[in-house]
$ cat structure12.cif   # mmCIF, C-alpha atoms
data_run
#
loop_
_atom_site.group_PDB
_atom_site.id
_atom_site.type_symbol
_atom_site.label_atom_id
_atom_site.label_comp_id
_atom_site.auth_asym_id
_atom_site.auth_seq_id
_atom_site.Cartn_x
_atom_site.Cartn_y
_atom_site.Cartn_z
ATOM 1 C CA MET S 1 28.241 -18.875 12.874
ATOM 2 C CA SER S 2 31.938 -18.492 13.436
ATOM 3 C CA ASN S 3 33.065 -21.448 11.341
ATOM 4 C CA ASN S 4 32.321 -19.888 7.969
ATOM 5 C CA SER S 5 34.449 -17.063 6.698
ATOM 6 C CA PRO S 6 32.262 -14.244 5.397
ATOM 7 C CA HIS S 7 31.828 -14.442 1.668
ATOM 8 C CA ILE S 8 32.426 -11.290 -0.319
ATOM 9 C CA THR S 9 30.507 -11.185 -3.585
ATOM 10 C CA ASP S 10 32.531 -9.571 -6.329
ATOM 11 C CA TYR S 11 31.142 -6.404 -7.969
ATOM 12 C CA LYS S 12 31.552 -8.042 -11.370
ATOM 13 C CA VAL S 13 29.414 -11.031 -10.392
ATOM 14 C CA LEU S 14 26.614 -8.694 -9.254
ATOM 15 C CA ALA S 15 26.855 -6.670 -12.471
ATOM 16 C CA LYS S 16 26.681 -9.841 -14.579
ATOM 17 C CA VAL S 17 23.602 -11.027 -12.659
ATOM 18 C CA LEU S 18 21.976 -7.648 -13.354
ATOM 19 C CA LEU S 19 22.681 -7.991 -17.080
ATOM 20 C CA VAL S 20 21.095 -11.452 -17.143
ATOM 21 C CA LEU S 21 18.060 -10.109 -15.229
ATOM 22 C CA MET S 22 17.696 -7.222 -17.703
ATOM 23 C CA PHE S 23 17.948 -9.639 -20.610
ATOM 24 C CA LEU S 24 15.302 -11.934 -19.095
ATOM 25 C CA THR S 25 12.975 -8.941 -18.568
ATOM 26 C CA PHE S 26 13.395 -8.090 -22.247
ATOM 27 C CA VAL S 27 12.688 -11.735 -23.182
ATOM 28 C CA THR S 28 9.482 -11.678 -21.094
ATOM 29 C CA ILE S 29 8.230 -8.504 -22.759
ATOM 30 C CA GLU S 30 9.007 -9.846 -26.250
ATOM 31 C CA ILE S 31 7.537 -13.302 -25.680
ATOM 32 C CA THR S 32 4.301 -12.065 -24.134
ATOM 33 C CA SER S 33 3.777 -9.719 -27.100
ATOM 34 C CA ILE S 34 3.499 -12.697 -29.472
ATOM 35 C CA ASP S 35 0.399 -14.782 -29.110
ATOM 36 C CA LEU S 36 1.260 -18.221 -27.783
ATOM 37 C CA ALA S 37 -2.141 -18.845 -26.237
ATOM 38 C CA ALA S 38 -1.864 -20.856 -23.039
ATOM 39 C CA PHE S 39 1.930 -21.021 -23.203
ATOM 40 C CA THR S 40 2.305 -17.275 -22.619
ATOM 41 C CA VAL S 41 1.466 -17.542 -18.919
ATOM 42 C CA THR S 42 3.658 -20.617 -18.488
ATOM 43 C CA ILE S 43 6.670 -19.030 -20.157
ATOM 44 C CA ALA S 44 6.247 -15.702 -18.327
ATOM 45 C CA LEU S 45 6.034 -17.486 -14.968
ATOM 46 C CA LEU S 46 8.999 -19.694 -15.856
ATOM 47 C CA VAL S 47 11.154 -16.669 -16.694
ATOM 48 C CA ALA S 48 9.966 -14.913 -13.511
ATOM 49 C CA GLY S 49 10.955 -18.064 -11.620
ATOM 50 C CA ILE S 50 14.468 -18.006 -13.098
ATOM 51 C CA LYS S 51 14.773 -14.295 -12.293
ATOM 52 C CA SER S 52 13.702 -14.773 -8.678
ATOM 53 C CA PHE S 53 16.150 -17.687 -8.366
ATOM 54 C CA LEU S 54 18.961 -15.362 -9.481
ATOM 55 C CA VAL S 55 17.889 -12.600 -7.084
ATOM 56 C CA LEU S 56 17.623 -15.069 -4.184
ATOM 57 C CA SER S 57 20.948 -16.786 -4.945
ATOM 58 C CA TYR S 58 23.210 -13.835 -5.694
ATOM 59 C CA PHE S 59 21.621 -10.581 -4.517
ATOM 60 C CA MET S 60 20.222 -12.158 -1.347
ATOM 61 C CA HIS S 61 23.419 -14.213 -0.872
ATOM 62 C CA LEU S 62 21.471 -17.426 -0.437
ATOM 63 C CA LYS S 63 24.076 -19.318 -2.458
ATOM 64 C CA TYR S 64 26.617 -18.664 0.276
ATOM 65 C CA GLU S 65 24.328 -19.184 3.276
ATOM 66 C CA ASN S 66 24.035 -22.335 5.363
ATOM 67 C CA LEU S 67 21.917 -25.288 4.349
ATOM 68 C CA LEU S 68 19.184 -24.591 6.924
ATOM 69 C CA LEU S 69 18.303 -21.273 5.316
ATOM 70 C CA LYS S 70 18.344 -22.739 1.806
ATOM 71 C CA ILE S 71 15.943 -25.495 2.865
ATOM 72 C CA LEU S 72 13.661 -23.012 4.673
ATOM 73 C CA VAL S 73 13.380 -20.715 1.646
ATOM 74 C CA THR S 74 12.722 -23.666 -0.666
ATOM 75 C CA MET S 75 10.011 -24.928 1.681
ATOM 76 C CA VAL S 76 8.204 -21.579 1.607
ATOM 77 C CA PHE S 77 7.988 -21.708 -2.186
ATOM 78 C CA VAL S 78 6.972 -25.396 -2.111
ATOM 79 C CA LEU S 79 4.286 -24.534 0.454
ATOM 80 C CA PHE S 80 2.948 -21.771 -1.777
ATOM 81 C CA ILE S 81 2.831 -24.049 -4.839
ATOM 82 C CA ILE S 82 0.929 -26.676 -2.789
ATOM 83 C CA ILE S 83 -1.583 -24.029 -1.644
ATOM 84 C CA VAL S 84 -2.129 -22.895 -5.247
ATOM 85 C CA LEU S 85 -2.560 -26.460 -6.500
ATOM 86 C CA ILE S 86 -5.049 -27.397 -3.777
ATOM 87 C CA THR S 87 -7.075 -24.222 -4.353
ATOM 88 C CA PHE S 88 -7.233 -24.818 -8.101
ATOM 89 C CA ILE S 89 -8.216 -28.469 -7.640
ATOM 90 C CA ASP S 90 -10.948 -27.276 -5.277
ATOM 91 C CA TYR S 91 -12.203 -24.700 -7.787
ATOM 92 C CA SER S 92 -12.186 -27.007 -10.797
ATOM 93 C CA PHE S 93 -14.191 -29.756 -9.090
ATOM 94 C CA ARG S 94 -16.977 -27.830 -7.441
ATOM 95 C CA MET J 1 27.427 -11.302 39.894
ATOM 96 C CA SER J 2 31.021 -10.307 40.338
ATOM 97 C CA GLU J 3 31.991 -6.673 40.338
ATOM 98 C CA LYS J 4 34.593 -6.818 37.610
ATOM 99 C CA HIS J 5 33.475 -7.929 34.255
ATOM 100 C CA THR J 6 34.865 -7.123 30.880
ATOM 101 C CA HIS J 7 32.253 -6.039 28.419
ATOM 102 C CA ILE J 8 31.899 -8.639 25.725
ATOM 103 C CA GLU J 9 29.567 -7.611 22.956
ATOM 104 C CA HIS J 10 26.893 -10.230 22.583
ATOM 105 C CA ARG J 11 25.630 -10.638 19.104
ATOM 106 C CA ASP J 12 24.591 -13.386 16.746
ATOM 107 C CA ASP J 13 24.510 -12.172 13.171
ATOM 108 C CA GLU J 14 23.362 -15.533 11.893
ATOM 109 C CA ALA J 15 20.314 -15.441 14.178
ATOM 110 C CA SER J 16 19.350 -11.885 13.244
ATOM 111 C CA LYS J 17 19.574 -12.791 9.582
ATOM 112 C CA LEU J 18 17.421 -15.868 10.210
ATOM 113 C CA GLY J 19 14.909 -13.623 11.968
ATOM 114 C CA MET J 20 14.828 -11.300 8.959
ATOM 115 C CA TRP J 21 14.268 -14.255 6.655
ATOM 116 C CA LEU J 22 11.375 -15.495 8.804
ATOM 117 C CA PHE J 23 9.799 -12.053 8.473
ATOM 118 C CA ILE J 24 10.379 -12.173 4.710
ATOM 119 C CA PHE J 25 8.558 -15.522 4.601
ATOM 120 C CA THR J 26 5.465 -13.894 6.111
ATOM 121 C CA GLU J 27 5.699 -11.133 3.503
ATOM 122 C CA LEU J 28 6.048 -13.674 0.685
ATOM 123 C CA LEU J 29 2.962 -15.509 1.876
ATOM 124 C CA LEU J 30 1.041 -12.233 2.244
ATOM 125 C CA PHE J 31 1.683 -11.404 -1.406
ATOM 126 C CA GLY J 32 1.344 -15.113 -2.246
ATOM 127 C CA GLY J 33 -2.228 -15.001 -0.988
ATOM 128 C CA LEU J 34 -2.947 -12.026 -3.227
ATOM 129 C CA PHE J 35 -1.374 -13.773 -6.224
ATOM 130 C CA LEU J 36 -3.632 -16.741 -5.469
ATOM 131 C CA VAL J 37 -6.720 -14.480 -5.481
ATOM 132 C CA TYR J 38 -5.469 -13.004 -8.764
ATOM 133 C CA SER J 39 -4.983 -16.430 -10.402
ATOM 134 C CA ILE J 40 -8.395 -17.708 -9.354
ATOM 135 C CA PHE J 41 -10.259 -14.647 -10.664
ATOM 136 C CA ARG J 42 -8.096 -14.576 -13.754
ATOM 137 C CA SER J 43 -9.125 -18.137 -14.557
ATOM 138 C CA GLN J 44 -12.782 -17.168 -14.002
ATOM 139 C CA TYR J 45 -12.741 -13.899 -15.976
ATOM 140 C CA PRO J 46 -10.008 -14.395 -18.615
ATOM 141 C CA THR J 47 -11.346 -11.841 -21.124
ATOM 142 C CA SER J 48 -11.888 -9.082 -18.540
ATOM 143 C CA PHE J 49 -8.365 -9.577 -17.166
ATOM 144 C CA HIS J 50 -7.010 -9.533 -20.709
ATOM 145 C CA GLU J 51 -8.764 -6.258 -21.518
ATOM 146 C CA GLY J 52 -7.805 -4.809 -18.157
ATOM 147 C CA SER J 53 -4.102 -5.464 -18.649
ATOM 148 C CA LEU J 54 -4.239 -3.721 -22.054
ATOM 149 C CA GLU J 55 -5.159 -0.524 -20.167
ATOM 150 C CA LEU J 56 -1.815 -0.527 -18.347
ATOM 151 C CA ASN J 57 1.238 1.276 -19.647
ATOM 152 C CA VAL J 58 3.858 -1.398 -20.393
ATOM 153 C CA THR J 59 6.597 1.208 -20.948
ATOM 154 C CA ILE J 60 6.256 2.645 -17.440
ATOM 155 C CA GLY J 61 6.009 -0.883 -16.041
ATOM 156 C CA ALA J 62 9.158 -1.998 -17.883
ATOM 157 C CA LEU J 63 10.999 1.160 -16.814
ATOM 158 C CA ASN J 64 10.096 0.532 -13.185
ATOM 159 C CA THR J 65 11.261 -3.073 -13.536
ATOM 160 C CA MET J 66 14.677 -1.860 -14.716
ATOM 161 C CA VAL J 67 14.817 0.729 -11.913
ATOM 162 C CA LEU J 68 14.126 -1.919 -9.260
ATOM 163 C CA LEU J 69 16.602 -4.406 -10.743
ATOM 164 C CA VAL J 70 19.406 -1.822 -10.800
ATOM 165 C CA SER J 71 18.582 -0.659 -7.255
ATOM 166 C CA SER J 72 18.657 -4.282 -6.132
ATOM 167 C CA MET J 73 22.162 -4.606 -7.543
ATOM 168 C CA THR J 74 23.428 -1.350 -6.001
ATOM 169 C CA ILE J 75 22.288 -2.358 -2.507
ATOM 170 C CA ALA J 76 23.924 -5.783 -2.960
ATOM 171 C CA MET J 77 27.090 -3.944 -4.018
ATOM 172 C CA ALA J 78 26.849 -1.797 -0.871
ATOM 173 C CA ILE J 79 27.403 -4.973 1.189
ATOM 174 C CA THR J 80 30.482 -5.821 -0.883
ATOM 175 C CA ALA J 81 31.734 -2.254 -0.385
ATOM 176 C CA ILE J 82 31.327 -2.313 3.403
ATOM 177 C CA GLN J 83 33.095 -5.686 3.562
ATOM 178 C CA LYS J 84 35.966 -4.124 1.615
ATOM 179 C CA LYS J 85 36.012 -1.303 4.220
ATOM 180 C CA ASN J 86 35.039 1.258 1.599
ATOM 181 C CA LYS J 87 32.697 3.486 3.623
ATOM 182 C CA LYS J 88 32.433 6.205 1.002
ATOM 183 C CA LEU J 89 31.380 3.799 -1.752
ATOM 184 C CA THR J 90 28.887 2.135 0.606
ATOM 185 C CA LEU J 91 27.233 5.492 1.227
ATOM 186 C CA ILE J 92 27.180 6.319 -2.485
ATOM 187 C CA LEU J 93 25.604 2.950 -3.321
ATOM 188 C CA ILE J 94 22.925 3.274 -0.620
ATOM 189 C CA GLY J 95 22.300 6.801 -1.942
ATOM 190 C CA ILE J 96 21.830 5.533 -5.503
ATOM 191 C CA THR J 97 19.430 2.847 -4.233
ATOM 192 C CA LEU J 98 17.392 5.491 -2.402
ATOM 193 C CA PHE J 99 17.339 7.705 -5.493
ATOM 194 C CA LEU J 100 16.114 4.804 -7.671
ATOM 195 C CA ALA J 101 13.429 3.988 -5.097
ATOM 196 C CA PHE J 102 12.284 7.587 -5.390
ATOM 197 C CA VAL J 103 12.278 7.345 -9.207
ATOM 198 C CA PHE J 104 10.083 4.243 -8.917
ATOM 199 C CA LEU J 105 7.579 6.130 -6.771
ATOM 200 C CA VAL J 106 7.540 9.115 -9.153
ATOM 201 C CA ASN J 107 6.755 6.756 -12.052
ATOM 202 C CA LYS J 108 4.045 5.128 -9.964
ATOM 203 C CA TYR J 109 2.618 8.573 -9.203
ATOM 204 C CA PHE J 110 2.284 9.392 -12.888
ATOM 205 C CA GLU J 111 0.931 5.947 -13.708
ATOM 206 C CA TRP J 112 -1.735 6.072 -10.993
ATOM 207 C CA GLY J 113 -2.335 9.741 -11.731
ATOM 208 C CA ALA J 114 -3.288 8.920 -15.333
ATOM 209 C CA LYS J 115 -5.722 6.240 -14.096
ATOM 210 C CA PHE J 116 -7.241 8.659 -11.557
ATOM 211 C CA HIS J 117 -7.544 11.276 -14.290
ATOM 212 C CA HIS J 118 -9.672 8.870 -16.308
ATOM 213 C CA GLY J 119 -11.865 8.373 -13.253
ATOM 214 C CA LEU J 120 -10.394 4.955 -12.529
ATOM 215 C CA TYR J 121 -9.670 4.563 -8.836
ATOM 216 C CA PRO J 122 -11.054 2.391 -6.036
ATOM 217 C CA GLY J 123 -14.591 3.465 -5.189
ATOM 218 C CA SER J 124 -14.996 5.780 -8.184
ATOM 219 C CA ASP J 125 -18.235 6.011 -10.168
ATOM 220 C CA LEU J 126 -16.521 4.475 -13.199
ATOM 221 C CA MET J 127 -15.308 1.497 -11.160
ATOM 222 C CA GLU J 128 -18.867 0.859 -9.984
ATOM 223 C CA LEU J 129 -20.070 0.776 -13.611
ATOM 224 C CA LEU J 130 -17.510 -1.823 -14.696
ATOM 225 C CA ASP J 131 -18.551 -5.452 -14.988
ATOM 226 C CA ARG J 132 -17.433 -7.866 -12.289
ATOM 227 C CA GLY J 133 -14.306 -9.108 -14.082
ATOM 228 C CA HIS J 134 -12.947 -5.622 -14.844
ATOM 229 C CA HIS J 135 -13.833 -4.449 -11.364
ATOM 230 C CA LEU J 136 -11.882 -7.338 -9.849
ATOM 231 C CA TYR J 137 -8.899 -6.772 -12.141
ATOM 232 C CA PHE J 138 -8.555 -3.071 -11.299
ATOM 233 C CA SER J 139 -9.248 -3.616 -7.601
ATOM 234 C CA LEU J 140 -6.454 -6.196 -7.508
ATOM 235 C CA TYR J 141 -4.221 -3.924 -9.586
ATOM 236 C CA PHE J 142 -4.624 -0.997 -7.196
ATOM 237 C CA PHE J 143 -4.403 -3.148 -4.083
ATOM 238 C CA MET J 144 -1.344 -5.172 -5.112
ATOM 239 C CA THR J 145 0.695 -2.348 -6.659
ATOM 240 C CA GLY J 146 -0.415 -0.106 -3.773
ATOM 241 C CA LEU J 147 0.732 -2.579 -1.147
ATOM 242 C CA HIS J 148 3.965 -3.000 -3.103
ATOM 243 C CA ALA J 149 4.486 0.790 -3.212
ATOM 244 C CA LEU J 150 3.922 0.850 0.562
ATOM 245 C CA HIS J 151 6.738 -1.679 0.872
ATOM 246 C CA ILE J 152 8.927 0.589 -1.254
ATOM 247 C CA ILE J 153 8.308 3.433 1.208
ATOM 248 C CA VAL J 154 9.075 1.189 4.218
ATOM 249 C CA GLY J 155 12.208 -0.019 2.423
ATOM 250 C CA MET J 156 13.285 3.583 1.842
ATOM 251 C CA ILE J 157 12.877 4.391 5.562
ATOM 252 C CA LEU J 158 14.975 1.309 6.405
ATOM 253 C CA LEU J 159 17.650 2.362 3.915
ATOM 254 C CA ILE J 160 17.736 5.914 5.301
ATOM 255 C CA ILE J 161 18.331 4.487 8.802
ATOM 256 C CA THR J 162 21.036 2.252 7.319
ATOM 257 C CA TYR J 163 22.628 5.251 5.608
ATOM 258 C CA VAL J 164 22.808 7.161 8.904
ATOM 259 C CA LYS J 165 24.197 4.112 10.707
ATOM 260 C CA VAL J 166 26.947 3.665 8.107
ATOM 261 C CA LYS J 167 27.740 7.365 8.326
ATOM 262 C CA ASN J 168 28.164 7.379 12.115
ATOM 263 C CA GLU J 169 30.035 4.056 11.919
ATOM 264 C CA SER J 170 27.627 1.908 13.907
ATOM 265 C CA ILE J 171 27.637 -0.226 10.750
ATOM 266 C CA LYS J 172 31.251 -1.191 10.015
ATOM 267 C CA HIS J 173 33.190 -3.714 7.954
ATOM 268 C CA ASP J 174 33.042 -6.248 10.831
ATOM 269 C CA HIS J 175 29.485 -5.485 11.901
ATOM 270 C CA PHE J 176 27.085 -4.925 9.058
ATOM 271 C CA VAL J 177 24.170 -7.273 9.692
ATOM 272 C CA PHE J 178 21.774 -4.287 9.798
ATOM 273 C CA LEU J 179 22.807 -3.384 6.255
ATOM 274 C CA GLU J 180 22.401 -7.021 5.199
ATOM 275 C CA ASN J 181 18.884 -7.190 6.643
ATOM 276 C CA GLY J 182 17.926 -3.853 5.093
ATOM 277 C CA ALA J 183 19.220 -5.131 1.761
ATOM 278 C CA LEU J 184 17.238 -8.368 2.165
ATOM 279 C CA TYR J 185 14.077 -6.311 2.617
ATOM 280 C CA TRP J 186 14.878 -4.312 -0.493
ATOM 281 C CA HIS J 187 15.451 -7.489 -2.520
ATOM 282 C CA LEU J 188 12.067 -8.766 -1.306
ATOM 283 C CA VAL J 189 10.440 -5.690 -2.846
ATOM 284 C CA ASP J 190 12.265 -6.467 -6.103
ATOM 285 C CA LEU J 191 11.292 -10.145 -5.908
ATOM 286 C CA ILE J 192 7.579 -9.312 -5.628
ATOM 287 C CA TRP J 193 7.780 -6.914 -8.574
ATOM 288 C CA ILE J 194 9.386 -9.668 -10.703
ATOM 289 C CA PHE J 195 6.053 -11.508 -10.514
ATOM 290 C CA LEU J 196 3.784 -8.466 -10.343
ATOM 291 C CA PHE J 197 5.069 -6.945 -13.598
ATOM 292 C CA PRO J 198 4.409 -9.858 -16.007
ATOM 293 C CA LEU J 199 1.134 -10.829 -14.317
ATOM 294 C CA MET J 200 -0.373 -7.336 -14.278
ATOM 295 C CA TYR J 201 1.124 -5.708 -17.372
ATOM 296 C CA LEU J 202 2.163 -8.375 -19.837
ATOM 297 C CA ILE J 203 0.085 -11.527 -19.843
ATOM 298 C CA SER J 204 -2.881 -10.666 -21.966
#
$ encode --input "structure12.cif" --output "structure tokens"
Amino acid sequence: MSNNSPHITDYKVLAKVLLVLMFLTFVTIEITSIDLAAFTVTIALLVAGIKSFLVLSYFMHLKYENLLLKILVTMVFVLFIIIVLITFIDYSFR
Amino acid sequence: MSEKHTHIEHRDDEASKLGMWLFIFTELLLFGGLFLVYSIFRSQYPTSFHEGSLELNVTIGALNTMVLLVSSMTIAMAITAIQKKNKKLTLILIGITLFLAFVFLVNKYFEWGAKFHHGLYPGSDLMELLDRGHHLYFSLYFFMTGLHALHIIVGMILLIITYVKVKNESIKHDHFVFLENGALYWHLVDLIWIFLFPLMYLIS
């Protein structure tokens, strides 16, 4: 659209995001090496979720896109979570 | 129509980006389906999946994670560079991204090579001897990382086309949606690996 001036992401912002992503990768490796039983999966998926949020927002410029796109992307992830939940409910009650 | 008409370039960058995103949604759901299969079988064969993941080399996996994260940043920086009319830097950054993609594939080659060397590959005699849980784990491992590696190769082809287009100036500071879409595809590859790495290599 012509009404929004193109946003230029600063090199420094991208570099900082990379550092955070590297740090979170390190955190995942460290945390999964200690035995936290059922929490390991939860924490690993939570960290992966934060990492993908950062990639989507900054690297994929979603933060600076219009609302339509933001809603669409969110809906895809919501749809996937619903599919997973329904499948697991199905499996645990048969 | 009238004889005289001035040529006005018709383009809608917003629409082409939306189109790319719609394609990315289909890709996310394709891998989403595979992650769903993984989670179901993981919940049914927890010990086999645990033992299976211990067979994987975490160091190579972690290294490849770093490689993909850095390449994701360099291609994002390439967009900043083209917006700042810095053609040379754009080319360098796309070049670095391509090099890192190649490094990823080389690592994958050695990783898969070691598995093949031990007789572990889809359809091998060893695979047939494994119990159901292990068989499922390694089948999913080869299929998901294989499909991901295929996406890396497609991404590389896209980036090579982008590189050529930047070089001959059909991608410029005021017209770079092709670069943006190529970069989106590359980030998708990174995004999938963000989930693939902990699920395949770490959670055990």
$ atom_distance --input "structure12.cif" --atom1 "atom CA of Ala44 of chain S" --atom2 "atom CA of Gly133 of chain J"
22.0 Å
$ resolve_selection --input "structure12.cif" --expression "the PyMOL selection byres ((chain J) within 8 of (chain S))" --output "ChimeraX atom specification"
/J:12-14,18,25,29,32,36,40,62,65-66,69-70,72-73,76-77,80,83,183-184,187,191,194-195,198,202-204
$ atom_distance --input "structure12.cif" --atom1 "atom CA of Val154 of chain J" --atom2 "atom CA of Lys17 of chain J"
18.3 Å
$ atom_distance --input "structure12.cif" --atom1 "atom CA of Thr74 of chain J" --atom2 "atom CA of Trp21 of chain J"
20.3 Å
$ axis_aligned_box --input "structure12.cif" --around "segment 54-62 of chain S" --padding-each-side "4 Å" --output "JSON"
{"center_x": 20.5, "center_y": -14.0, "center_z": -5.0, "size_x": 13.8, "size_y": 14.8, "size_z": 17.0}
$ closest_residue --input "structure12.cif" --among "J:Ile96, J:Leu188, J:Leu34, J:Val58" --to "His151 of chain J" --atoms "all atoms listed in the file"
J:Leu188
$ closest_residue --input "structure12.cif" --among "J:Gly19, J:Pro46, J:Gly146, J:Gly123" --to "Leu196 of chain J" --atoms "all atoms listed in the file"
J:Gly146
$ resolve_selection --input "structure12.cif" --expression "the PyMOL selection byres ((chain J and resi 175) around 12)" --output "PyMOL selection string"
(chain S and resi 6) or (chain J and resi 9-14+79+82-83+85+165-166+169-174+176-181)
$ write_last_selection --input "structure12.cif" --atoms "C-alpha atoms" --output "JSON list (two decimals), in the coordinates of the input"
[["chain", "number", "residue", "atom", "x", "y", "z"],
["S", 6, "PRO", "CA", 32.26, -14.24, 5.40],
["J", 9, "GLU", "CA", 29.57, -7.61, 22.96],
["J", 10, "HIS", "CA", 26.89, -10.23, 22.58],
["J", 11, "ARG", "CA", 25.63, -10.64, 19.10],
["J", 12, "ASP", "CA", 24.59, -13.39, 16.75],
["J", 13, "ASP", "CA", 24.51, -12.17, 13.17],
["J", 14, "GLU", "CA", 23.36, -15.53, 11.89],
["J", 79, "ILE", "CA", 27.40, -4.97, 1.19],
["J", 82, "ILE", "CA", 31.33, -2.31, 3.40],
["J", 83, "GLN", "CA", 33.10, -5.69, 3.56],
["J", 85, "LYS", "CA", 36.01, -1.30, 4.22],
["J", 165, "LYS", "CA", 24.20, 4.11, 10.71],
["J", 166, "VAL", "CA", 26.95, 3.66, 8.11],
["J", 169, "GLU", "CA", 30.04, 4.06, 11.92],
["J", 170, "SER", "CA", 27.63, 1.91, 13.91],
["J", 171, "ILE", "CA", 27.64, -0.23, 10.75],
["J", 172, "LYS", "CA", 31.25, -1.19, 10.02],
["J", 173, "HIS", "CA", 33.19, -3.71, 7.95],
["J", 174, "ASP", "CA", 33.04, -6.25, 10.83],
["J", 176, "PHE", "CA", 27.08, -4.92, 9.06],
["J", 177, "VAL", "CA", 24.17, -7.27, 9.69],
["J", 178, "PHE", "CA", 21.77, -4.29, 9.80],
["J", 179, "LEU", "CA", 22.81, -3.38, 6.26],
["J", 180, "GLU", "CA", 22.40, -7.02, 5.20],
["J", 181, "ASN", "CA", 18.88, -7.19, 6.64]]
$ decode --input "structure12.cif" --residues "segment 43-56 of chain S" --atoms "N, CA, C and O atoms" --output "mmCIF file, in the first residue's frame"
data_model
loop_
_atom_site.group_PDB
_atom_site.id
_atom_site.type_symbol
_atom_site.label_atom_id
_atom_site.label_comp_id
_atom_site.auth_asym_id
_atom_site.auth_seq_id
_atom_site.Cartn_x
_atom_site.Cartn_y
_atom_site.Cartn_z
ATOM 1 N N ILE S 43 9.276 -26.613 28.355
ATOM 2 C CA ILE S 43 10.221 -25.500 28.315
ATOM 3 C C ILE S 43 10.840 -25.366 26.926
ATOM 4 O O ILE S 43 10.916 -24.271 26.368
ATOM 5 N N ALA S 44 11.250 -26.518 26.342
ATOM 6 C CA ALA S 44 11.872 -26.475 25.009
ATOM 7 C C ALA S 44 10.918 -25.873 23.976
ATOM 8 O O ALA S 44 11.315 -25.058 23.143
ATOM 9 N N LEU S 45 9.640 -26.254 24.048
ATOM 10 C CA LEU S 45 8.665 -25.726 23.095
ATOM 11 C C LEU S 45 8.386 -24.247 23.356
ATOM 12 O O LEU S 45 8.189 -23.471 22.426
ATOM 13 N N LEU S 46 8.409 -23.867 24.632
ATOM 14 C CA LEU S 46 8.194 -22.465 24.991
ATOM 15 C C LEU S 46 9.310 -21.591 24.427
ATOM 16 O O LEU S 46 9.058 -20.550 23.810
ATOM 17 N N VAL S 47 10.560 -22.044 24.613
ATOM 18 C CA VAL S 47 11.706 -21.297 24.095
ATOM 19 C C VAL S 47 11.649 -21.243 22.566
ATOM 20 O O VAL S 47 11.881 -20.186 21.959
ATOM 21 N N ALA S 48 11.300 -22.383 21.940
ATOM 22 C CA ALA S 48 11.173 -22.403 20.473
ATOM 23 C C ALA S 48 10.093 -21.427 20.021
ATOM 24 O O ALA S 48 10.236 -20.748 18.995
ATOM 25 N N GLY S 49 9.021 -21.329 20.821
ATOM 26 C CA GLY S 49 7.952 -20.377 20.518
ATOM 27 C C GLY S 49 8.448 -18.938 20.560
ATOM 28 O O GLY S 49 8.153 -18.142 19.655
ATOM 29 N N ILE S 50 9.225 -18.616 21.599
ATOM 30 C CA ILE S 50 9.778 -17.254 21.718
ATOM 31 C C ILE S 50 10.708 -16.969 20.534
ATOM 32 O O ILE S 50 10.673 -15.895 19.924
ATOM 33 N N LYS S 51 11.539 -17.968 20.193
ATOM 34 C CA LYS S 51 12.472 -17.784 19.077
ATOM 35 C C LYS S 51 11.726 -17.540 17.766
ATOM 36 O O LYS S 51 12.082 -16.639 16.999
ATOM 37 N N SER S 52 10.668 -18.336 17.526
ATOM 38 C CA SER S 52 9.942 -18.147 16.264
ATOM 39 C C SER S 52 9.218 -16.802 16.256
ATOM 40 O O SER S 52 9.091 -16.166 15.208
ATOM 41 N N PHE S 53 8.772 -16.347 17.437
ATOM 42 C CA PHE S 53 8.141 -15.022 17.517
ATOM 43 C C PHE S 53 9.141 -13.939 17.098
ATOM 44 O O PHE S 53 8.806 -13.017 16.348
ATOM 45 N N LEU S 54 10.382 -14.076 17.575
ATOM 46 C CA LEU S 54 11.416 -13.092 17.219
ATOM 47 C C LEU S 54 11.717 -13.116 15.721
ATOM 48 O O LEU S 54 11.831 -12.068 15.076
ATOM 49 N N VAL S 55 11.850 -14.336 15.167
ATOM 50 C CA VAL S 55 12.132 -14.459 13.734
ATOM 51 C C VAL S 55 10.984 -13.851 12.917
ATOM 52 O O VAL S 55 11.214 -13.068 11.994
ATOM 53 N N LEU S 56 9.744 -14.180 13.300
ATOM 54 C CA LEU S 56 8.585 -13.655 12.572
ATOM 55 C C LEU S 56 8.510 -12.132 12.681
ATOM 56 O O LEU S 56 8.282 -11.445 11.695
#
